[in-house]
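Printed here is input.cif (mmCIF, C-alpha atoms):
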```
data_protein
#
loop_
_atom_site.group_PDB
_atom_site.id
_atom_site.type_symbol
_atom_site.label_atom_id
_atom_site.label_comp_id
_atom_site.auth_asym_id
_atom_site.auth_seq_id
_atom_site.Cartn_x
_atom_site.Cartn_y
_atom_site.Cartn_z
ATOM 1 C CA THR L 1 -114.841 -68.780 143.418
ATOM 2 C CA ALA L 2 -113.769 -65.264 142.493
ATOM 3 C CA ALA L 3 -110.367 -64.302 141.151
ATOM 4 C CA MET L 4 -107.786 -63.989 143.905
ATOM 5 C CA THR L 5 -104.804 -61.678 144.404
ATOM 6 C CA PHE L 6 -101.533 -62.888 145.951
ATOM 7 C CA ARG L 7 -98.508 -60.855 146.952
ATOM 8 C CA ALA L 8 -94.976 -62.095 147.606
ATOM 9 C CA GLU L 9 -93.481 -61.420 151.031
ATOM 10 C CA SER L 10 -90.606 -59.614 149.290
ATOM 11 C CA LEU L 11 -93.191 -57.286 147.670
ATOM 12 C CA ARG L 12 -91.470 -57.808 144.320
ATOM 13 C CA TYR L 13 -94.463 -59.514 142.736
ATOM 14 C CA GLU L 14 -98.228 -59.549 142.851
ATOM 15 C CA LEU L 15 -100.461 -62.096 141.125
ATOM 16 C CA VAL L 16 -104.088 -62.223 140.136
ATOM 17 C CA LEU L 17 -105.355 -65.729 139.340
ATOM 18 C CA SER L 18 -108.646 -66.588 137.688
ATOM 19 C CA THR L 19 -110.753 -69.393 139.084
ATOM 20 C CA ALA L 20 -109.555 -71.779 136.362
ATOM 21 C CA ALA L 21 -105.905 -70.824 136.896
ATOM 22 C CA GLN L 22 -106.198 -71.450 140.644
ATOM 23 C CA ALA L 23 -107.016 -75.092 139.900
ATOM 24 C CA ASP L 24 -103.734 -75.531 137.996
ATOM 25 C CA HIS L 25 -101.245 -73.296 139.791
ATOM 26 C CA GLY L 26 -100.106 -72.916 143.375
ATOM 27 C CA GLU L 27 -99.539 -69.277 144.237
ATOM 28 C CA GLY L 28 -96.382 -70.142 146.170
ATOM 29 C CA ARG L 29 -94.681 -71.619 143.097
ATOM 30 C CA LEU L 30 -95.625 -68.640 140.944
ATOM 31 C CA LEU L 31 -94.414 -66.092 143.515
ATOM 32 C CA ASP L 32 -91.220 -68.012 144.267
ATOM 33 C CA PRO L 33 -90.446 -70.642 141.598
ATOM 34 C CA ALA L 34 -87.276 -71.687 143.432
ATOM 35 C CA SER L 35 -89.398 -72.921 146.339
ATOM 36 C CA ALA L 36 -91.236 -75.541 144.268
ATOM 37 C CA GLU L 37 -91.380 -78.916 145.975
ATOM 38 C CA SER L 38 -89.362 -81.804 144.571
ATOM 39 C CA ALA L 39 -89.056 -85.444 145.577
ATOM 40 C CA ILE L 40 -85.298 -85.076 145.098
ATOM 41 C CA GLU L 41 -83.464 -82.545 147.244
ATOM 42 C CA LEU L 42 -80.143 -82.397 145.394
ATOM 43 C CA THR L 43 -78.933 -82.837 141.839
ATOM 44 C CA ALA L 44 -75.212 -83.623 142.037
ATOM 45 C CA PHE L 45 -73.609 -82.695 138.728
ATOM 46 C CA VAL L 46 -70.304 -84.517 138.213
ATOM 47 C CA SER L 47 -68.124 -83.089 135.453
ATOM 48 C CA CYS L 48 -65.999 -85.664 133.670
ATOM 49 C CA PHE L 49 -63.289 -85.317 131.050
ATOM 50 C CA ASN L 50 -60.647 -88.060 130.807
ATOM 51 C CA GLU L 51 -61.081 -89.118 134.427
ATOM 52 C CA SER L 52 -61.043 -92.916 133.999
ATOM 53 C CA ALA L 53 -58.522 -93.366 136.830
ATOM 54 C CA LEU L 54 -60.676 -91.600 139.432
ATOM 55 C CA ILE L 55 -64.284 -91.306 138.281
ATOM 56 C CA GLU L 56 -65.600 -94.512 139.878
ATOM 57 C CA GLN L 57 -64.066 -93.646 143.241
ATOM 58 C CA THR L 58 -65.478 -90.141 142.898
ATOM 59 C CA LEU L 59 -68.984 -91.502 142.382
ATOM 60 C CA ALA L 60 -68.617 -93.924 145.294
ATOM 61 C CA ASP L 61 -67.409 -91.155 147.620
ATOM 62 C CA VAL L 62 -70.138 -88.717 146.530
ATOM 63 C CA CYS L 63 -72.847 -91.360 147.059
ATOM 64 C CA GLN L 64 -71.505 -92.229 150.494
ATOM 65 C CA ALA L 65 -71.136 -88.595 151.597
ATOM 66 C CA LEU L 66 -74.613 -87.588 150.405
ATOM 67 C CA ARG L 67 -76.189 -90.575 152.143
ATOM 68 C CA GLN L 68 -74.421 -89.506 155.342
ATOM 69 C CA ALA L 69 -75.604 -85.926 154.832
ATOM 70 C CA GLY L 70 -79.164 -87.273 154.821
ATOM 71 C CA GLN L 71 -80.485 -85.669 151.633
ATOM 72 C CA SER L 72 -82.267 -87.429 148.801
ATOM 73 C CA PHE L 73 -80.159 -87.023 145.676
ATOM 74 C CA GLU L 74 -79.525 -87.899 142.072
ATOM 75 C CA ILE L 75 -76.130 -87.917 140.369
ATOM 76 C CA LEU L 76 -75.839 -86.598 136.824
ATOM 77 C CA VAL L 77 -72.509 -87.283 135.110
ATOM 78 C CA ILE L 78 -71.771 -85.409 131.905
ATOM 79 C CA ASP L 79 -68.809 -86.930 130.096
ATOM 80 C CA ASP L 80 -67.463 -84.178 127.866
ATOM 81 C CA ALA L 81 -66.307 -86.302 124.907
ATOM 82 C CA SER L 82 -63.519 -88.003 126.861
ATOM 83 C CA THR L 83 -60.886 -89.736 124.739
ATOM 84 C CA ASP L 84 -60.245 -92.405 127.389
ATOM 85 C CA ASP L 85 -62.749 -94.939 128.763
ATOM 86 C CA SER L 86 -64.285 -92.597 131.367
ATOM 87 C CA ALA L 87 -67.809 -93.115 129.983
ATOM 88 C CA ALA L 88 -67.402 -96.889 130.144
ATOM 89 C CA CYS L 89 -66.251 -96.589 133.767
ATOM 90 C CA VAL L 90 -69.333 -94.535 134.651
ATOM 91 C CA ALA L 91 -71.609 -96.992 132.832
ATOM 92 C CA ARG L 92 -70.017 -99.841 134.796
ATOM 93 C CA PHE L 93 -70.610 -97.986 138.070
ATOM 94 C CA ILE L 94 -74.255 -97.351 137.130
ATOM 95 C CA GLU L 95 -74.786 -101.020 136.310
ATOM 96 C CA GLY L 96 -73.333 -102.018 139.675
ATOM 97 C CA HIS L 97 -75.481 -99.572 141.666
ATOM 98 C CA PRO L 98 -79.081 -99.917 140.441
ATOM 99 C CA GLU L 99 -80.379 -98.631 143.796
ATOM 100 C CA GLU L 100 -78.931 -95.139 143.215
ATOM 101 C CA ARG L 101 -80.351 -92.424 140.951
ATOM 102 C CA LEU L 102 -77.495 -92.247 138.421
ATOM 103 C CA ILE L 103 -77.538 -90.665 134.971
ATOM 104 C CA LEU L 104 -74.765 -90.498 132.368
ATOM 105 C CA ARG L 105 -74.844 -88.140 129.413
ATOM 106 C CA ARG L 106 -71.946 -88.532 127.020
ATOM 107 C CA ASN L 107 -71.268 -85.553 124.773
ATOM 108 C CA LEU L 108 -70.173 -86.513 121.275
ATOM 109 C CA LYS L 109 -68.408 -83.154 121.004
ATOM 110 C CA ASN L 110 -66.606 -81.305 123.795
ATOM 111 C CA GLN L 111 -68.815 -78.514 125.193
ATOM 112 C CA GLY L 112 -66.769 -77.153 128.098
ATOM 113 C CA LEU L 113 -67.526 -77.102 131.818
ATOM 114 C CA SER L 114 -69.669 -73.965 131.875
ATOM 115 C CA GLN L 115 -72.061 -75.215 129.166
ATOM 116 C CA ASN L 116 -72.323 -78.634 130.797
ATOM 117 C CA TYR L 117 -72.984 -76.994 134.174
ATOM 118 C CA ILE L 118 -75.936 -75.059 132.766
ATOM 119 C CA ASP L 119 -77.226 -78.086 130.844
ATOM 120 C CA GLY L 120 -77.083 -80.151 134.027
ATOM 121 C CA ALA L 121 -79.327 -77.696 135.846
ATOM 122 C CA PHE L 122 -81.987 -78.119 133.155
ATOM 123 C CA LEU L 123 -81.622 -81.908 133.082
ATOM 124 C CA GLY L 124 -81.787 -82.397 136.847
ATOM 125 C CA LYS L 125 -84.818 -82.734 139.101
ATOM 126 C CA GLY L 126 -83.403 -81.704 142.490
ATOM 127 C CA ARG L 127 -84.402 -78.565 144.332
ATOM 128 C CA TYR L 128 -80.725 -77.802 144.919
ATOM 129 C CA TYR L 129 -77.748 -78.159 142.610
ATOM 130 C CA LYS L 130 -74.064 -78.731 143.250
ATOM 131 C CA LEU L 131 -70.970 -79.199 141.115
ATOM 132 C CA PHE L 132 -68.561 -82.054 141.771
ATOM 133 C CA CYS L 133 -65.303 -82.667 139.910
ATOM 134 C CA GLY L 134 -64.670 -86.062 138.373
ATOM 135 C CA ASP L 135 -61.136 -86.205 139.763
ATOM 136 C CA ASN L 136 -62.361 -86.472 143.370
ATOM 137 C CA THR L 137 -61.091 -83.125 144.691
ATOM 138 C CA GLU L 138 -63.637 -82.812 147.502
ATOM 139 C CA PRO L 139 -63.174 -84.995 150.610
ATOM 140 C CA PRO L 140 -66.365 -86.613 151.961
ATOM 141 C CA GLU L 141 -66.208 -84.499 155.129
ATOM 142 C CA SER L 142 -66.295 -81.334 152.998
ATOM 143 C CA ILE L 143 -69.316 -82.584 151.048
ATOM 144 C CA ILE L 144 -71.163 -83.416 154.272
ATOM 145 C CA GLN L 145 -70.364 -80.016 155.788
ATOM 146 C CA ILE L 146 -71.472 -78.064 152.709
ATOM 147 C CA CYS L 147 -74.630 -80.072 152.066
ATOM 148 C CA GLY L 148 -75.521 -79.908 155.755
ATOM 149 C CA LEU L 149 -76.129 -76.181 155.219
ATOM 150 C CA MET L 150 -78.655 -76.797 152.447
ATOM 151 C CA GLY L 151 -81.658 -74.519 152.831
ATOM 152 C CA GLN L 152 -79.944 -72.024 155.140
ATOM 153 C CA ALA L 153 -79.164 -69.640 152.247
ATOM 154 C CA ASP L 154 -79.672 -69.393 148.498
ATOM 155 C CA ILE L 155 -75.945 -69.989 147.898
ATOM 156 C CA ILE L 156 -73.515 -71.983 150.013
ATOM 157 C CA ILE L 157 -70.015 -70.819 149.058
ATOM 158 C CA PRO L 158 -67.069 -72.970 150.177
ATOM 159 C CA HIS L 159 -63.633 -71.474 150.609
ATOM 160 C CA TYR L 160 -60.708 -73.781 151.101
ATOM 161 C CA LEU L 161 -58.817 -73.726 154.372
ATOM 162 C CA SER L 162 -56.247 -76.136 152.930
ATOM 163 C CA VAL L 163 -55.696 -77.564 149.453
ATOM 164 C CA ASP L 164 -53.269 -80.463 149.453
ATOM 165 C CA GLY L 165 -51.054 -80.388 146.374
ATOM 166 C CA LYS L 166 -51.759 -76.794 145.299
ATOM 167 C CA SER L 167 -48.627 -74.743 144.619
ATOM 168 C CA ALA L 168 -47.910 -71.365 146.202
ATOM 169 C CA PHE L 169 -48.082 -69.768 142.745
ATOM 170 C CA ARG L 170 -51.577 -71.098 142.106
ATOM 171 C CA LYS L 171 -52.718 -69.972 145.559
ATOM 172 C CA ALA L 172 -51.416 -66.477 144.799
ATOM 173 C CA LEU L 173 -53.135 -66.528 141.396
ATOM 174 C CA SER L 174 -56.445 -67.561 142.990
ATOM 175 C CA GLY L 175 -56.115 -64.804 145.578
ATOM 176 C CA ALA L 176 -55.444 -62.204 142.900
ATOM 177 C CA TYR L 177 -58.443 -63.350 140.864
ATOM 178 C CA THR L 178 -60.738 -63.216 143.899
ATOM 179 C CA SER L 179 -59.503 -59.713 144.769
ATOM 180 C CA LEU L 180 -60.130 -58.538 141.196
ATOM 181 C CA VAL L 181 -63.695 -59.855 141.148
ATOM 182 C CA ASN L 182 -64.412 -58.309 144.552
ATOM 183 C CA LEU L 183 -62.970 -54.977 143.412
ATOM 184 C CA VAL L 184 -65.117 -54.874 140.283
ATOM 185 C CA SER L 185 -68.297 -56.232 141.894
ATOM 186 C CA GLY L 186 -68.107 -54.572 145.303
ATOM 187 C CA ASN L 187 -68.563 -57.960 146.999
ATOM 188 C CA ARG L 188 -66.494 -59.484 149.785
ATOM 189 C CA ILE L 189 -66.482 -63.157 148.842
ATOM 190 C CA SER L 190 -63.591 -65.350 150.001
ATOM 191 C CA TYR L 191 -63.467 -67.601 146.926
ATOM 192 C CA TYR L 192 -65.445 -67.710 143.687
ATOM 193 C CA ASN L 193 -64.319 -70.885 141.943
ATOM 194 C CA GLY L 194 -65.333 -73.446 144.547
ATOM 195 C CA LEU L 195 -67.941 -76.193 144.322
ATOM 196 C CA HIS L 196 -70.948 -74.096 145.306
ATOM 197 C CA LEU L 197 -74.384 -75.269 146.374
ATOM 198 C CA HIS L 198 -77.242 -73.402 144.661
ATOM 199 C CA ARG L 199 -80.968 -73.555 144.240
ATOM 200 C CA ARG L 200 -81.235 -75.285 140.862
ATOM 201 C CA TYR L 201 -83.885 -72.851 139.638
ATOM 202 C CA ASN L 202 -81.478 -69.952 140.125
ATOM 203 C CA ILE L 203 -78.905 -71.518 137.795
ATOM 204 C CA MET L 204 -81.541 -71.968 135.119
ATOM 205 C CA ARG L 205 -82.941 -68.470 135.596
ATOM 206 C CA TRP L 206 -79.695 -66.523 136.011
ATOM 207 C CA HIS L 207 -77.169 -68.497 133.998
ATOM 208 C CA PRO L 208 -74.203 -66.506 132.662
ATOM 209 C CA ASN L 209 -73.181 -65.472 129.169
ATOM 210 C CA THR L 210 -69.532 -66.127 129.946
ATOM 211 C CA ARG L 211 -67.604 -69.308 129.183
ATOM 212 C CA GLY L 212 -64.478 -70.823 130.657
ATOM 213 C CA PHE L 213 -62.814 -70.021 133.967
ATOM 214 C CA GLY L 214 -64.985 -67.059 134.963
ATOM 215 C CA PHE L 215 -68.491 -68.510 134.776
ATOM 216 C CA GLN L 216 -68.899 -69.288 138.489
ATOM 217 C CA ALA L 217 -67.935 -65.782 139.579
ATOM 218 C CA ASP L 218 -70.426 -64.399 137.064
ATOM 219 C CA ILE L 219 -73.212 -66.571 138.501
ATOM 220 C CA VAL L 220 -72.443 -65.659 142.122
ATOM 221 C CA CYS L 221 -72.266 -61.936 141.356
ATOM 222 C CA MET L 222 -75.492 -62.057 139.358
ATOM 223 C CA LEU L 223 -77.350 -63.813 142.157
ATOM 224 C CA LEU L 224 -76.043 -61.426 144.810
ATOM 225 C CA GLU L 225 -77.187 -58.529 142.619
ATOM 226 C CA GLN L 226 -80.659 -60.107 142.672
ATOM 227 C CA GLY L 227 -80.673 -60.067 146.466
ATOM 228 C CA MET L 228 -79.954 -63.755 147.019
ATOM 229 C CA THR L 229 -78.593 -64.754 150.415
ATOM 230 C CA HIS L 230 -75.309 -66.591 150.897
ATOM 231 C CA LEU L 231 -73.254 -68.413 153.499
ATOM 232 C CA GLU L 232 -69.531 -69.096 153.322
ATOM 233 C CA VAL L 233 -68.006 -72.200 154.825
ATOM 234 C CA GLY L 234 -64.352 -73.150 155.219
ATOM 235 C CA VAL L 235 -63.515 -76.726 154.170
ATOM 236 C CA PRO L 236 -60.464 -78.717 153.034
ATOM 237 C CA ALA L 237 -59.921 -79.774 149.413
ATOM 238 C CA ILE L 238 -57.455 -81.797 147.359
ATOM 239 C CA ASN L 239 -55.631 -80.682 144.235
ATOM 240 C CA ARG L 240 -54.857 -83.408 141.710
ATOM 241 C CA GLY L 241 -52.475 -82.685 138.849
ATOM 242 C CA GLU L 242 -51.501 -79.474 137.148
ATOM 243 C CA SER L 243 -54.083 -76.816 136.461
ATOM 244 C CA GLY L 244 -54.822 -75.601 132.953
ATOM 245 C CA ALA L 245 -56.310 -72.361 134.263
ATOM 246 C CA LEU L 246 -53.480 -70.149 132.986
ATOM 247 C CA ASN L 247 -54.105 -70.174 129.240
ATOM 248 C CA TRP L 248 -55.283 -67.629 126.723
ATOM 249 C CA ARG L 249 -58.882 -68.927 126.656
ATOM 250 C CA ASN L 250 -59.283 -68.534 130.389
ATOM 251 C CA VAL L 251 -57.586 -65.132 130.353
ATOM 252 C CA LEU L 252 -60.210 -64.034 127.803
ATOM 253 C CA SER L 253 -62.937 -65.614 129.929
ATOM 254 C CA VAL L 254 -61.823 -63.689 133.008
ATOM 255 C CA GLY L 255 -61.777 -60.464 130.987
ATOM 256 C CA HIS L 256 -65.281 -61.203 129.700
ATOM 257 C CA THR L 257 -66.522 -61.967 133.213
ATOM 258 C CA LEU L 258 -65.053 -58.811 134.740
ATOM 259 C CA THR L 259 -66.471 -56.695 131.919
ATOM 260 C CA ASP L 260 -69.959 -58.153 132.374
ATOM 261 C CA ILE L 261 -69.833 -57.642 136.145
ATOM 262 C CA ALA L 262 -68.656 -54.052 135.753
ATOM 263 C CA ILE L 263 -71.366 -53.227 133.188
ATOM 264 C CA ARG L 264 -74.092 -54.696 135.391
ATOM 265 C CA ARG L 265 -72.823 -52.808 138.424
ATOM 266 C CA MET L 266 -72.845 -49.528 136.515
ATOM 267 C CA ALA L 267 -76.335 -50.267 135.168
ATOM 268 C CA ASN L 268 -77.598 -51.000 138.694
ATOM 269 C CA LEU L 269 -76.194 -47.661 139.869
ATOM 270 C CA VAL L 270 -77.694 -45.758 136.945
ATOM 271 C CA TYR L 271 -81.143 -47.356 137.195
ATOM 272 C CA GLY L 272 -81.193 -47.464 140.989
ATOM 273 C CA ARG L 273 -81.681 -51.183 141.275
#
```
As structure tokens, the full file:
Amino acid sequence: TAAMTFRAESLRYELVLSTAAQADHGEGRLLDPASAESAIELTAFVSCFNESALIEQTLADVCQALRQAGQSFEILVIDDASTDDSAACVARFIEGHPEERLILRRNLKNQGLSQNYIDGAFLGKGRYYKLFCGDNTEPPESIIQICGLMGQADIIIPHYLSVDGKSAFRKALSGAYTSLVNLVSGNRISYYNGLHLHRRYNIMRWHPNTRGFGFQADIVCMLLEQGMTHLEVGVPAINRGESGALNWRNVLSVGHTLTDIAIRRMANLVYGR
């Protein structure tokens, strides 16, 4: 068989495969790596840091909601060097649910949410990837609604119609942050720091340089710059406890994020991307 040429529908890529290469590679995966088939549809990454009071209920609710949503899934818990018995609670849940695909990684040193989020994308096997918080902030009906949109866009972006327990000050702060990111990026996204649903490949390919509070906005803006599609969906959420978002580390993170977004936007304008 002669060498064959393949072209992506987007006309961004063209491939030429030798006869030997054709035996090892599917042209669809090479033209669009994010479309690669997987036996598991969703990798659910559950972040955990000192969540012993809620983590087992979180895992039970996530399992139940994802079964109702009808997708095959795995749950990857990364315990970020908790000082309580969170890891033991997760291990107990895993032992009691051998029928579920459950993985626990326990960091011996705290790495931070953004690093764990990226690591989870590389560790997982699902075609899609979603963040869940260990303190059970997402009601099952929200999970079902978000995951029910899987495959309809590259990014499913939830914005929260109601957040029980969130103060007016924090709502105002979130609104100001969203407006700032939209101003710098030129986007019109309703909320950047929600529990988004992504193609897992995209998180591996376009992961951010930023750390802390701003990493999700950086990812979303980067993917939109690459022409990825998105859907926004309004869902309820629950706030548990006081937020640590307003501290000097996260202020620096937001500044870093906004700077990166602004530089990329200027570069896109200069180079006509």
Exercise for review: Specify as a PyMOL selection string each residue included when the PyMOL selection byres ((chain L and resi 47) around 7) is applied to this file.
Suggested key: chain L and resi 45-46+48-49+77-79+132-134
Point to revise | Two-atom distance - CA of Ala237 in chain L, CA of Lys166 in chain L (Å) | key: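 Separating CA of Ala237 in chain L from CA of Lys166 in chain L is a distance of 9.6 Å.
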Residues in the PyMOL selection byres ((chain L and resi 250-256) around 7), expressed as a compact mmCIF listing (two decimals) with C-alpha atoms, in the frame of the given file:
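Contents of selection-v1.txt, as written:
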```
# COMPACT_ATOMS: atom_id res chain seq x y z
CA THR L 210 -69.53 -66.13 129.95
CA ARG L 211 -67.60 -69.31 129.18
CA GLY L 212 -64.48 -70.82 130.66
CA PHE L 213 -62.81 -70.02 133.97
CA GLY L 214 -64.98 -67.06 134.96
CA ALA L 245 -56.31 -72.36 134.26
CA LEU L 246 -53.48 -70.15 132.99
CA ASN L 247 -54.10 -70.17 129.24
CA TRP L 248 -55.28 -67.63 126.72
CA ARG L 249 -58.88 -68.93 126.66
CA THR L 257 -66.52 -61.97 133.21
CA LEU L 258 -65.05 -58.81 134.74
CA THR L 259 -66.47 -56.70 131.92
CA ASP L 260 -69.96 -58.15 132.37
```
Review point. In Å, with one decimal, what is the gap from CA of Ser52 in chain L to CA of Ile156 in chain L?
Key: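 Computing the Euclidean distance for CA of Ser52 in chain L and CA of Ile156 in chain L yields 29.2 Å.
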**Study point:** Answer key for the PyMOL selection byres ((chain L and resi 35) around 12), residues as a VMD selection string
**Key:** chain L and resid 26 to 34 36 to 38 41 126 to 128 151 154 199 to 202
Exercise for review: Could you give me, as a PyMOL selection string, the residues that sit within 10 Å of (-64.4, -85.2, 151.5) in the file's coordinates, counting only C-alpha atoms?
Suggested key: chain L and resi 58+61-62+65+136-145+235-238
Rebuild all heavy atoms on range 141-150 of chain L, as a CSV table (one decimal), keeping the file's coordinate frame?
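Contents of the output file part-v3.csv:
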```csv
chain,number,residue,atom,x,y,z
L,141,GLU,N,-65.8,-85.4,154.0
L,141,GLU,CA,-66.2,-84.5,155.1
L,141,GLU,C,-66.6,-83.1,154.6
L,141,GLU,O,-67.4,-82.4,155.3
L,141,GLU,CB,-65.1,-84.4,156.2
L,141,GLU,CG,-63.8,-83.9,155.7
L,141,GLU,CD,-62.8,-85.0,155.2
L,141,GLU,OE1,-63.3,-86.1,154.8
L,141,GLU,OE2,-61.6,-84.8,155.2
L,142,SER,N,-66.0,-82.6,153.6
L,142,SER,CA,-66.3,-81.3,153.0
L,142,SER,C,-67.7,-81.4,152.4
L,142,SER,O,-68.5,-80.4,152.6
L,142,SER,CB,-65.3,-80.9,151.9
L,142,SER,OG,-64.0,-80.8,152.5
L,143,ILE,N,-68.0,-82.4,151.7
L,143,ILE,CA,-69.3,-82.6,151.0
L,143,ILE,C,-70.4,-82.6,152.1
L,143,ILE,O,-71.4,-81.9,152.0
L,143,ILE,CB,-69.4,-83.9,150.2
L,143,ILE,CG1,-68.4,-83.9,149.1
L,143,ILE,CG2,-70.8,-84.1,149.7
L,143,ILE,CD1,-68.2,-85.2,148.4
L,144,ILE,N,-70.2,-83.3,153.2
L,144,ILE,CA,-71.2,-83.4,154.3
L,144,ILE,C,-71.4,-82.1,154.9
L,144,ILE,O,-72.5,-81.6,155.2
L,144,ILE,CB,-70.7,-84.5,155.3
L,144,ILE,CG1,-70.7,-85.9,154.7
L,144,ILE,CG2,-71.6,-84.4,156.6
L,144,ILE,CD1,-70.0,-86.9,155.5
L,145,GLN,N,-70.3,-81.3,155.1
L,145,GLN,CA,-70.4,-80.0,155.8
L,145,GLN,C,-71.1,-79.0,154.9
L,145,GLN,O,-72.0,-78.3,155.4
L,145,GLN,CB,-69.0,-79.5,156.1
L,145,GLN,CG,-69.0,-78.2,157.0
L,145,GLN,CD,-67.6,-77.8,157.4
L,145,GLN,OE1,-66.6,-78.5,157.1
L,145,GLN,NE2,-67.4,-76.7,158.0
L,146,ILE,N,-70.8,-79.0,153.6
L,146,ILE,CA,-71.5,-78.1,152.7
L,146,ILE,C,-73.0,-78.4,152.6
L,146,ILE,O,-73.8,-77.5,152.7
L,146,ILE,CB,-70.8,-78.1,151.3
L,146,ILE,CG1,-69.4,-77.5,151.4
L,146,ILE,CG2,-71.6,-77.3,150.3
L,146,ILE,CD1,-68.5,-77.8,150.2
L,147,CYS,N,-73.2,-79.7,152.3
L,147,CYS,CA,-74.6,-80.1,152.1
L,147,CYS,C,-75.5,-80.0,153.3
L,147,CYS,O,-76.7,-79.9,153.3
L,147,CYS,CB,-74.7,-81.5,151.5
L,147,CYS,SG,-74.0,-81.5,149.8
L,148,GLY,N,-74.8,-80.1,154.5
L,148,GLY,CA,-75.5,-79.9,155.8
L,148,GLY,C,-76.1,-78.5,155.9
L,148,GLY,O,-77.0,-78.3,156.8
L,149,LEU,N,-75.6,-77.6,155.2
L,149,LEU,CA,-76.1,-76.2,155.2
L,149,LEU,C,-77.2,-75.9,154.2
L,149,LEU,O,-77.7,-74.8,154.1
L,149,LEU,CB,-75.0,-75.2,155.0
L,149,LEU,CG,-73.9,-75.2,156.0
L,149,LEU,CD1,-72.7,-74.4,155.6
L,149,LEU,CD2,-74.4,-74.8,157.4
L,150,MET,N,-77.6,-76.9,153.5
L,150,MET,CA,-78.7,-76.8,152.4
L,150,MET,C,-79.9,-76.2,153.0
L,150,MET,O,-80.4,-76.6,154.1
L,150,MET,CB,-79.0,-78.2,151.9
L,150,MET,CG,-79.9,-78.2,150.7
L,150,MET,SD,-80.3,-79.8,150.1
L,150,MET,CE,-78.7,-80.4,149.5
```
